[in-house]
file my_file_26.tsv (TSV, C-alpha atoms and all ligand atoms)
chain	number	residue	atom	x	y	z
A	13	MET	CA	104.98	82.02	95.89
A	14	GLU	CA	102.19	81.35	93.37
A	15	PHE	CA	100.60	83.99	91.17
A	16	GLN	CA	96.87	83.61	90.62
A	17	THR	CA	96.30	87.27	89.82
A	18	ALA	CA	98.59	89.74	88.06
A	19	VAL	CA	98.78	93.20	86.53
A	20	ILE	CA	101.17	93.63	83.61
A	21	THR	CA	101.91	97.06	82.13
A	22	GLY	CA	102.94	97.26	78.49
A	23	GLY	CA	101.20	93.90	78.11
A	24	GLY	CA	100.15	94.58	74.53
A	25	GLY	CA	103.37	93.32	72.95
A	26	GLY	CA	106.93	92.11	73.31
A	27	LEU	CA	108.01	91.03	76.77
A	28	GLY	CA	104.76	92.14	78.42
A	29	ARG	CA	102.76	89.83	76.17
A	30	ALA	CA	105.20	86.99	76.94
A	31	PHE	CA	104.61	87.53	80.68
A	32	CYS	CA	100.85	87.36	80.08
A	33	GLU	CA	101.08	84.16	78.05
A	34	GLU	CA	103.34	82.47	80.62
A	35	LEU	CA	100.96	83.40	83.43
A	36	GLY	CA	97.91	82.49	81.32
A	37	ALA	CA	99.31	78.97	80.91
A	38	THR	CA	99.17	78.64	84.72
A	39	ARG	CA	95.47	79.70	84.61
A	40	ALA	CA	96.19	83.07	86.18
A	41	ARG	CA	93.77	86.01	85.90
A	42	ILE	CA	95.53	89.02	84.45
A	43	VAL	CA	94.84	92.71	83.96
A	44	VAL	CA	96.66	93.55	80.74
A	45	ALA	CA	97.44	97.28	80.65
A	46	ASP	CA	98.81	99.08	77.62
A	47	ILE	CA	98.67	102.52	76.04
A	48	ASP	CA	97.42	100.64	72.95
A	49	LEU	CA	94.04	99.11	73.90
A	50	ALA	CA	93.71	96.98	70.75
A	51	ALA	CA	97.12	95.42	71.47
A	52	ALA	CA	96.08	94.69	75.07
A	53	GLU	CA	92.87	93.07	73.80
A	54	ALA	CA	94.86	90.88	71.41
A	55	THR	CA	96.99	89.75	74.37
A	56	VAL	CA	93.85	88.93	76.38
A	57	ALA	CA	92.75	86.62	73.54
A	58	LEU	CA	96.12	84.84	73.77
A	59	VAL	CA	95.83	84.58	77.58
A	60	LYS	CA	92.40	82.94	77.22
A	61	ARG	CA	93.75	80.56	74.58
A	62	ALA	CA	96.59	79.65	76.98
A	63	GLY	CA	94.06	78.73	79.70
A	64	GLY	CA	93.89	81.89	81.80
A	65	ASP	CA	91.58	84.87	81.91
A	66	GLY	CA	92.28	88.52	81.21
A	67	LYS	CA	90.94	92.04	81.09
A	68	ALA	CA	92.39	94.69	78.78
A	69	VAL	CA	92.80	98.20	80.17
A	70	GLN	CA	94.03	101.26	78.33
A	71	CYS	CA	96.65	102.94	80.50
A	72	ASP	CA	99.49	105.35	79.85
A	73	VAL	CA	101.91	104.60	82.69
A	74	SER	CA	103.40	108.09	82.55
A	75	ASP	CA	100.10	109.49	83.91
A	76	PRO	CA	99.65	108.87	87.67
A	77	ALA	CA	95.86	109.30	87.43
A	78	GLN	CA	95.69	106.50	84.84
A	79	ILE	CA	97.81	104.23	87.07
A	80	ASP	CA	95.50	104.92	90.03
A	81	ALA	CA	92.53	104.07	87.80
A	82	LEU	CA	94.33	100.86	86.77
A	83	ALA	CA	94.80	99.91	90.43
A	84	ALA	CA	91.08	100.52	91.06
A	85	THR	CA	90.09	98.35	88.06
A	86	ALA	CA	92.49	95.62	89.23
A	87	LYS	CA	90.99	95.72	92.74
A	88	ALA	CA	87.45	95.47	91.36
A	89	TRP	CA	88.19	92.75	88.78
A	90	LEU	CA	90.92	90.69	90.46
A	91	GLY	CA	90.53	91.41	94.17
A	92	ASP	CA	94.01	90.93	95.63
A	93	VAL	CA	96.91	91.38	93.22
A	94	ASP	CA	99.57	88.69	93.69
A	95	LEU	CA	101.99	90.07	91.09
A	96	LEU	CA	102.69	93.46	89.52
A	97	VAL	CA	105.00	93.62	86.51
A	98	ASN	CA	106.12	97.17	85.74
A	99	ASN	CA	107.11	96.31	82.20
A	100	ALA	CA	106.05	99.19	79.91
A	101	GLY	CA	109.17	100.80	78.51
A	102	VAL	CA	110.57	102.70	75.55
A	103	ALA	CA	114.04	103.50	74.21
A	104	VAL	CA	115.87	106.69	73.31
A	105	ALA	CA	119.34	106.34	71.85
A	106	GLY	CA	121.96	108.34	70.00
A	107	ASP	CA	124.71	110.84	70.74
A	108	PHE	CA	124.21	112.52	74.12
A	109	ALA	CA	124.54	116.04	72.72
A	110	ALA	CA	121.99	115.41	69.97
A	111	ILE	CA	119.23	114.09	72.22
A	112	GLY	CA	116.53	116.71	72.90
A	113	LEU	CA	114.89	117.51	76.23
A	114	ALA	CA	111.52	116.31	74.91
A	115	GLU	CA	113.03	112.88	74.33
A	116	TRP	CA	114.54	112.84	77.86
A	117	GLN	CA	111.19	113.82	79.35
A	118	TRP	CA	109.28	111.24	77.30
A	119	ILE	CA	111.46	108.33	78.40
A	120	MET	CA	111.71	109.47	82.03
A	121	GLY	CA	107.90	109.65	82.17
A	122	ILE	CA	107.42	106.08	81.00
A	123	ASN	CA	110.50	104.12	82.11
A	124	LEU	CA	111.06	105.76	85.50
A	125	TRP	CA	107.94	107.64	86.63
A	126	GLY	CA	105.76	104.82	85.26
A	127	VAL	CA	107.52	102.34	87.56
A	128	ILE	CA	107.35	104.71	90.55
A	129	TYR	CA	103.62	105.32	89.98
A	130	GLY	CA	103.03	101.58	89.60
A	131	CYS	CA	104.81	100.72	92.85
A	132	ARG	CA	103.07	103.53	94.75
A	133	ALA	CA	99.64	102.41	93.53
A	134	PHE	CA	100.00	98.70	94.34
A	135	VAL	CA	102.39	98.41	97.32
A	136	PRO	CA	100.00	99.60	100.10
A	137	ALA	CA	97.46	96.81	99.42
A	138	MET	CA	100.29	94.25	99.30
A	139	GLN	CA	101.61	95.57	102.64
A	140	ALA	CA	98.16	95.34	104.20
A	141	ARG	CA	97.88	91.76	103.00
A	142	ARG	CA	101.52	90.99	103.90
A	143	ARG	CA	101.96	89.26	100.54
A	144	GLY	CA	102.81	90.23	96.97
A	145	ALA	CA	105.49	90.30	94.29
A	146	ILE	CA	106.81	92.99	91.98
A	147	ILE	CA	108.97	92.60	88.89
A	148	ASN	CA	110.43	95.89	87.77
A	149	VAL	CA	111.62	95.50	84.20
A	150	ALA	CA	114.95	97.30	84.04
A	151	SER	CA	117.66	96.20	81.59
A	152	ALA	CA	121.32	95.17	81.53
A	153	ALA	CA	121.69	98.80	80.37
A	154	GLY	CA	120.84	99.81	83.95
A	155	LEU	CA	123.81	97.80	85.22
A	156	LEU	CA	126.30	98.61	82.44
A	157	SER	CA	125.58	102.14	81.09
A	158	ALA	CA	126.93	101.59	77.58
A	159	PRO	CA	127.58	104.64	75.34
A	160	LYS	CA	124.96	106.20	73.02
A	161	MET	CA	122.01	105.26	75.24
A	162	ALA	CA	122.22	107.89	77.99
A	163	PRO	CA	118.48	108.45	78.64
A	164	TYR	CA	117.71	104.73	78.55
A	165	ASN	CA	120.65	103.92	80.87
A	166	VAL	CA	119.64	106.64	83.35
A	167	THR	CA	116.05	105.41	83.62
A	168	LYS	CA	117.04	101.76	83.93
A	169	ALA	CA	119.78	102.42	86.53
A	170	ALA	CA	117.17	104.30	88.56
A	171	VAL	CA	114.76	101.35	88.27
A	172	VAL	CA	117.53	99.06	89.56
A	173	ALA	CA	118.13	101.46	92.50
A	174	LEU	CA	114.41	101.62	93.29
A	175	SER	CA	114.14	97.82	93.16
A	176	GLU	CA	117.18	97.35	95.44
A	177	THR	CA	115.69	99.76	97.96
A	178	MET	CA	112.24	98.18	97.86
A	179	HIS	CA	113.62	94.62	97.99
A	180	ALA	CA	115.31	95.32	101.34
A	181	GLU	CA	112.60	97.60	102.71
A	182	LEU	CA	109.57	95.45	101.86
A	183	ALA	CA	111.00	92.04	102.79
A	184	ARG	CA	109.55	92.39	106.31
A	185	ASP	CA	106.09	92.88	104.74
A	186	GLY	CA	106.37	89.59	102.84
A	187	ILE	CA	106.72	91.37	99.48
A	188	HIS	CA	109.19	90.06	96.89
A	189	VAL	CA	110.85	92.59	94.57
A	190	SER	CA	113.02	91.71	91.57
A	191	ALA	CA	114.83	93.83	88.98
A	192	LEU	CA	114.86	92.18	85.56
A	193	CYS	CA	117.99	93.04	83.56
A	194	PRO	CA	118.12	91.33	80.16
A	195	THR	CA	120.40	92.22	77.25
A	196	PHE	CA	118.89	92.44	73.74
A	197	PHE	CA	116.07	90.13	72.57
A	198	ARG	CA	113.55	90.51	69.71
A	199	THR	CA	110.59	92.86	70.34
A	200	ASN	CA	109.24	96.10	68.82
A	201	ILE	CA	111.24	98.36	71.14
A	202	GLY	CA	113.60	99.42	68.32
A	203	GLU	CA	110.73	100.40	66.01
A	204	ALA	CA	109.06	102.43	68.79
A	205	SER	CA	112.28	104.16	69.87
A	206	ARG	CA	113.05	107.86	69.48
A	207	GLY	CA	116.26	109.80	69.17
A	208	PRO	CA	119.00	110.61	66.67
A	209	LEU	CA	119.98	107.01	66.12
A	210	ASP	CA	122.27	106.21	63.19
A	211	PRO	CA	120.77	103.55	60.84
A	212	ARG	CA	123.93	101.44	61.31
A	213	MET	CA	123.34	101.40	65.05
A	214	ILE	CA	119.73	100.29	64.48
A	215	LYS	CA	120.98	97.49	62.20
A	216	LEU	CA	123.47	96.40	64.86
A	217	MET	CA	120.76	96.43	67.53
A	218	HIS	CA	118.44	94.29	65.38
A	219	SER	CA	121.17	91.77	64.67
A	220	MET	CA	121.97	91.52	68.41
A	221	MET	CA	118.24	91.03	69.13
A	222	ASP	CA	117.90	88.28	66.52
A	223	ARG	CA	121.11	86.54	67.62
A	224	SER	CA	119.99	86.16	71.24
A	225	LYS	CA	119.35	82.53	72.13
A	226	ILE	CA	117.10	83.74	74.95
A	227	GLN	CA	113.95	85.42	73.69
A	228	ALA	CA	110.91	87.00	75.39
A	229	PRO	CA	109.26	83.75	76.66
A	230	GLU	CA	112.49	82.62	78.35
A	231	VAL	CA	113.11	86.11	79.79
A	232	ALA	CA	109.59	86.13	81.28
A	233	GLN	CA	110.00	82.59	82.65
A	234	ALA	CA	113.33	83.49	84.27
A	235	ALA	CA	111.81	86.54	85.97
A	236	LEU	CA	108.73	84.67	87.22
A	237	THR	CA	110.88	81.89	88.69
A	238	ALA	CA	113.25	84.42	90.29
A	239	VAL	CA	110.59	86.64	91.88
A	240	ALA	CA	108.83	83.57	93.34
A	241	LYS	CA	112.13	82.85	95.15
A	242	ASN	CA	112.64	86.53	96.05
A	243	GLN	CA	115.81	86.89	93.95
A	244	LEU	CA	116.59	90.57	93.53
A	245	TYR	CA	118.70	90.58	90.35
A	246	VAL	CA	117.49	88.67	87.30
A	247	VAL	CA	120.12	88.73	84.56
A	248	PRO	CA	118.94	85.98	82.19
A	249	MET	CA	121.58	86.26	79.43
A	250	ALA	CA	125.15	84.97	79.85
A	251	ASP	CA	126.66	87.98	78.02
A	252	GLY	CA	124.91	90.32	80.47
A	253	ARG	CA	126.17	88.35	83.47
A	254	ALA	CA	129.76	88.34	82.10
A	255	MET	CA	129.79	92.09	81.39
A	256	TRP	CA	128.24	92.90	84.76
A	257	ARG	CA	130.89	90.77	86.52
A	258	LEU	CA	133.70	92.57	84.68
A	259	LYS	CA	132.18	95.97	85.48
A	260	ARG	CA	131.91	95.16	89.20
A	261	LEU	CA	135.45	93.77	89.38
A	262	GLN	CA	137.23	96.35	87.19
A	263	PRO	CA	134.99	99.35	86.53
A	264	GLN	CA	137.69	101.63	85.07
A	265	ARG	CA	138.94	98.89	82.73
A	266	PHE	CA	135.37	98.09	81.70
A	267	TYR	CA	134.63	101.64	80.54
A	268	ASP	CA	138.05	102.09	78.90
A	269	LEU	CA	137.41	98.90	76.98
A	270	LEU	CA	133.91	99.96	76.00
A	271	ALA	CA	135.22	103.33	74.78
A	272	SER	CA	137.95	101.80	72.64
A	273	LYS	CA	135.69	99.09	71.19
A	274	LEU	CA	132.96	101.57	70.44
A	275	LEU	CA	135.39	103.98	68.83
A	276	ARG	CA	136.81	101.21	66.64
A	277	ARG	CA	133.36	100.09	65.53
A	278	PHE	CA	131.68	103.46	65.03
A	279	THR	CA	134.52	105.83	64.17
A	280	ARG	CA	132.36	107.53	61.56
A	281	LEU	CA	129.17	107.80	63.62
B	301	LIG	N1	113.75	94.10	73.88
B	301	LIG	C1	114.89	94.22	74.51
B	301	LIG	O1	115.97	93.94	73.94
B	301	LIG	C2	114.91	94.66	75.94
B	301	LIG	C3	116.09	94.51	76.69
B	301	LIG	C4	116.12	94.92	78.01
B	301	LIG	C5	114.98	95.45	78.60
B	301	LIG	N2	113.84	95.57	77.87
B	301	LIG	C6	112.66	96.17	78.53
B	301	LIG	O2	111.53	95.34	78.36
B	301	LIG	C7	110.34	96.14	78.54
B	301	LIG	C8	109.34	95.79	77.46
B	301	LIG	O3	109.83	96.26	76.22
B	301	LIG	P1	109.74	95.41	74.87
B	301	LIG	O4	111.14	95.13	74.46
B	301	LIG	O5	108.80	94.29	75.02
B	301	LIG	O6	109.19	96.53	73.88
B	301	LIG	P2	107.90	96.60	72.97
B	301	LIG	O7	107.98	97.95	72.31
B	301	LIG	O8	107.79	95.40	72.10
B	301	LIG	O9	106.69	96.57	74.01
B	301	LIG	C9	106.42	97.65	74.87
B	301	LIG	C10	104.94	97.73	75.16
B	301	LIG	O10	104.73	98.85	76.04
B	301	LIG	C11	103.65	99.62	75.55
B	301	LIG	N3	103.83	101.03	75.96
B	301	LIG	C12	104.64	101.97	75.42
B	301	LIG	N4	104.48	103.13	76.05
B	301	LIG	C13	103.56	102.93	77.03
B	301	LIG	C14	102.97	103.77	78.01
B	301	LIG	N5	103.29	105.06	78.10
B	301	LIG	N6	102.06	103.23	78.84
B	301	LIG	C15	101.70	101.93	78.73
B	301	LIG	N7	102.20	101.09	77.80
B	301	LIG	C16	103.13	101.59	76.96
B	301	LIG	C17	103.68	99.45	74.04
B	301	LIG	O11	102.42	99.76	73.45
B	301	LIG	C18	104.09	97.98	73.92
B	301	LIG	O12	102.96	97.14	73.92
B	301	LIG	C19	110.80	97.59	78.54
B	301	LIG	O13	110.82	98.09	79.87
B	301	LIG	C20	112.21	97.51	77.98
B	301	LIG	O14	113.02	98.57	78.38
B	301	LIG	C21	113.76	95.21	76.57
call {"tool": "encode", "arguments": {"input": "my_file_26.tsv", "output": "structure tokens"}}
result
Amino acid sequence: MEFQTAVITGGGGGLGRAFCEELGATRARIVVADIDLAAAEATVALVKRAGGDGKAVQCDVSDPAQIDALAATAKAWLGDVDLLVNNAGVAVAGDFAAIGLAEWQWIMGINLWGVIYGCRAFVPAMQARRRGAIINVASAAGLLSAPKMAPYNVTKAAVVALSETMHAELARDGIHVSALCPTFFRTNIGEASRGPLDPRMIKLMHSMMDRSKIQAPEVAQAALTAVAKNQLYVVPMADGRAMWRLKRLQPQRFYDLLASKLLRRFTRL
């Protein structure tokens, strides 16, 4: 499947911008949506430099009215949408008991409801056309549920469940659905995160992001290749694939191991 038109949420930075640049290099026309309009406009400039064309749209994915408006703009500017990437996402981390309800509601609104609103707004036109592709950006966190990231894990596990359901349900309509599940790579997600996160945990997260051999452009490439082939799970990093395999084979052992390792490393957190 080829993608001549696309809508990318959270396209103003990080992985979303990488998706836009990859697609721009194939001369695609892209609606770049982000809560930060200036960031979306900067991405459009990069898309044009890469050989494609783009339109920046301000859109908060946690607001269904704004997503409906985004779908209307996409219809008017692009016509048919070949690819939707539900990418906008944020992080909340820290001890479960110290995370406030406002933080839970904030992340659920963006990471989960944003994906649901996006799918609801774009799927009917894809069904009518009997063609389309959707990449839901989840995370390895949605497959592994590591400690100290409860709200993030919950939203990403739900995005995996939604993608699994849609993949099977929409296959007969010619629609490809993939769930993208990377481990850490360098973006601004740490800086934009909320929650009672210990500075040592932030330092550890940054060092894991910097150490990753696979960064945003490769993650975007992997997802675009996979969704074109209708592969449901996209787990681009080897560490993510290894941990996911262990969890599926020996779930009890996996969580016992995670608990003991975490306790050894963060006994004073
Ligand atoms: N970076 C990682 O290590 C990593 C790992 C696994 C999954 N992911 C996922 O990748 C996706 C992209 O995150 P990133 O790492 O590029 O982070 P990022 O913070 O660099 O980029 C996120 C973008 O989303 C935008 N955004 C935030 N809230 C929004 C909202 N309400 N509506 C619309 N746009 C909004 C931001 O302005 C920003 O441009 C997220 O879904 C994230 O969970 C990231």
call {"tool": "residues_around", "arguments": {"input": "my_file_26.tsv", "residues": "Gln78 (chain A)", "least_positions_apart": "6", "cutoff": "12 Å", "atoms": "only C-alpha atoms", "output": "list in words"}}
result
Thr21, Ala45, Asp46, Ile47, Val69, Gln70, Cys71, Asp72, Ala84, Thr85, Gly126, Tyr129, Gly130 and Ala133 of chain A
call {"tool": "residues_around", "arguments": {"input": "my_file_26.tsv", "residues": "Val93 (chain A)", "least_positions_apart": "6", "cutoff": "12 Å", "atoms": "all atoms listed in the file", "output": "count of residues only"}}
result
32
call {"tool": "atom_distance", "arguments": {"input": "my_file_26.tsv", "atom1": "CA of Met220 (chain A)", "atom2": "atom C11 of ligand LIG 301 (chain B)"}}
result
21.3 Å
call {"tool": "residues_near_ligand", "arguments": {"input": "my_file_26.tsv", "ligand": "ligand LIG 301 (chain B)", "cutoff": "8 Å", "atoms": "all atoms listed in the file", "output": "MDAnalysis selection string"}}
result
chainID A and resid 21:29 45:48 51:52 70:75 98:103 121:123 126 149:153 164 168 192:205 221 228
call {"tool": "closest_residue", "arguments": {"input": "my_file_26.tsv", "among": "A:Ala254, A:Gly36, A:Gln243, A:Ile226", "to": "Ala180 (chain A)", "atoms": "all atoms listed in the file"}}
result
A:Gln243
call {"tool": "atom_distance", "arguments": {"input": "my_file_26.tsv", "atom1": "CA of Cys32 (chain A)", "atom2": "CA of Val44 (chain A)"}}
result
7.5 Å
call {"tool": "residues_near_point", "arguments": {"input": "my_file_26.tsv", "point": "(117.3, 108.3, 68.7)", "cutoff": "12 Å", "atoms": "all atoms listed in the file", "output": "MDAnalysis selection string"}}
result
chainID A and resid 102:112 114:116 119 160:164 201:211 213:214
call {"tool": "decode", "arguments": {"input": "my_file_26.tsv", "residues": "region 106-197 of chain A", "atoms": "C-alpha atoms", "output": "short mmCIF file (atom, residue, chain, number, x, y, z; two decimals), in the first residue's frame"}}
result
data_model
loop_
_atom_site.label_atom_id
_atom_site.label_comp_id
_atom_site.auth_asym_id
_atom_site.auth_seq_id
_atom_site.Cartn_x
_atom_site.Cartn_y
_atom_site.Cartn_z
CA GLY A 106 6.18 8.03 39.35
CA ASP A 107 4.89 6.05 42.33
CA PHE A 108 1.31 4.89 41.81
CA ALA A 109 0.09 6.28 45.14
CA ALA A 110 1.61 9.72 44.49
CA ILE A 111 0.04 10.25 41.07
CA GLY A 112 -2.97 12.59 41.21
CA LEU A 113 -6.31 12.13 39.46
CA ALA A 114 -5.68 15.24 37.34
CA GLU A 115 -2.58 13.57 35.93
CA TRP A 116 -4.52 10.35 35.19
CA GLN A 117 -7.24 12.34 33.44
CA TRP A 118 -4.74 14.40 31.43
CA ILE A 119 -2.93 11.36 30.04
CA MET A 120 -6.11 9.34 29.43
CA GLY A 121 -7.52 12.27 27.44
CA ILE A 122 -4.54 12.47 25.11
CA ASN A 123 -3.07 8.95 24.88
CA LEU A 124 -6.31 6.95 24.90
CA TRP A 125 -9.29 9.18 24.09
CA GLY A 126 -7.19 11.00 21.46
CA VAL A 127 -6.63 7.70 19.64
CA ILE A 128 -10.29 6.67 19.96
CA TYR A 129 -11.46 10.07 18.63
CA GLY A 130 -8.95 9.84 15.77
CA CYS A 131 -10.09 6.37 14.72
CA ARG A 132 -13.78 7.31 14.98
CA ALA A 133 -13.28 10.42 12.84
CA PHE A 134 -11.32 8.78 10.01
CA VAL A 135 -12.45 5.12 9.81
CA PRO A 136 -15.90 5.67 8.18
CA ALA A 137 -14.40 7.37 5.08
CA MET A 138 -11.78 4.62 4.82
CA GLN A 139 -14.52 1.98 5.04
CA ALA A 140 -16.54 3.71 2.34
CA ARG A 141 -13.47 3.77 0.12
CA ARG A 142 -12.45 0.22 1.15
CA ARG A 143 -8.87 1.41 1.59
CA GLY A 144 -6.76 3.04 4.28
CA ALA A 145 -4.11 2.51 6.94
CA ILE A 146 -3.85 3.47 10.59
CA ILE A 147 -0.77 3.47 12.81
CA ASN A 148 -1.67 3.77 16.47
CA VAL A 149 1.43 4.81 18.37
CA ALA A 150 1.41 2.73 21.54
CA SER A 151 4.68 1.77 23.27
CA ALA A 152 6.54 -1.29 24.53
CA ALA A 153 5.10 -0.05 27.85
CA GLY A 154 1.70 -1.21 26.58
CA LEU A 155 3.05 -4.74 26.19
CA LEU A 156 5.23 -4.88 29.31
CA SER A 157 3.65 -2.69 32.05
CA ALA A 158 6.87 -1.85 33.90
CA PRO A 159 6.64 -0.33 37.42
CA LYS A 160 6.41 3.42 38.13
CA MET A 161 4.56 4.22 34.90
CA ALA A 162 1.01 3.10 35.72
CA PRO A 163 -0.97 5.77 33.82
CA TYR A 164 1.26 5.53 30.76
CA ASN A 165 1.10 1.71 30.76
CA VAL A 166 -2.70 1.71 31.11
CA THR A 167 -3.21 4.07 28.16
CA LYS A 168 -0.75 2.24 25.93
CA ALA A 169 -2.12 -1.25 26.78
CA ALA A 170 -5.56 0.07 25.84
CA VAL A 171 -4.21 1.41 22.53
CA VAL A 172 -2.74 -2.05 21.82
CA ALA A 173 -6.15 -3.64 22.61
CA LEU A 174 -7.96 -1.15 20.37
CA SER A 175 -5.49 -1.78 17.54
CA GLU A 176 -5.81 -5.58 17.86
CA THR A 177 -9.59 -5.30 17.70
CA MET A 178 -9.58 -2.92 14.75
CA HIS A 179 -6.93 -4.94 12.87
CA ALA A 180 -9.17 -8.02 12.84
CA GLU A 181 -12.45 -6.15 12.42
CA LEU A 182 -11.42 -3.81 9.60
CA ALA A 183 -9.39 -6.28 7.51
CA ARG A 184 -12.52 -7.09 5.46
CA ASP A 185 -12.83 -3.38 4.62
CA GLY A 186 -9.29 -3.28 3.22
CA ILE A 187 -8.01 -1.19 6.14
CA HIS A 188 -4.59 -1.93 7.65
CA VAL A 189 -4.11 -1.28 11.38
CA SER A 190 -0.78 -1.45 13.21
CA ALA A 191 0.21 -0.86 16.84
CA LEU A 192 3.66 0.70 17.14
CA CYS A 193 5.47 -0.38 20.32
CA PRO A 194 8.98 1.07 20.62
CA THR A 195 11.13 1.18 23.75
CA PHE A 196 12.94 4.45 24.60
CA PHE A 197 14.37 6.77 21.91
#
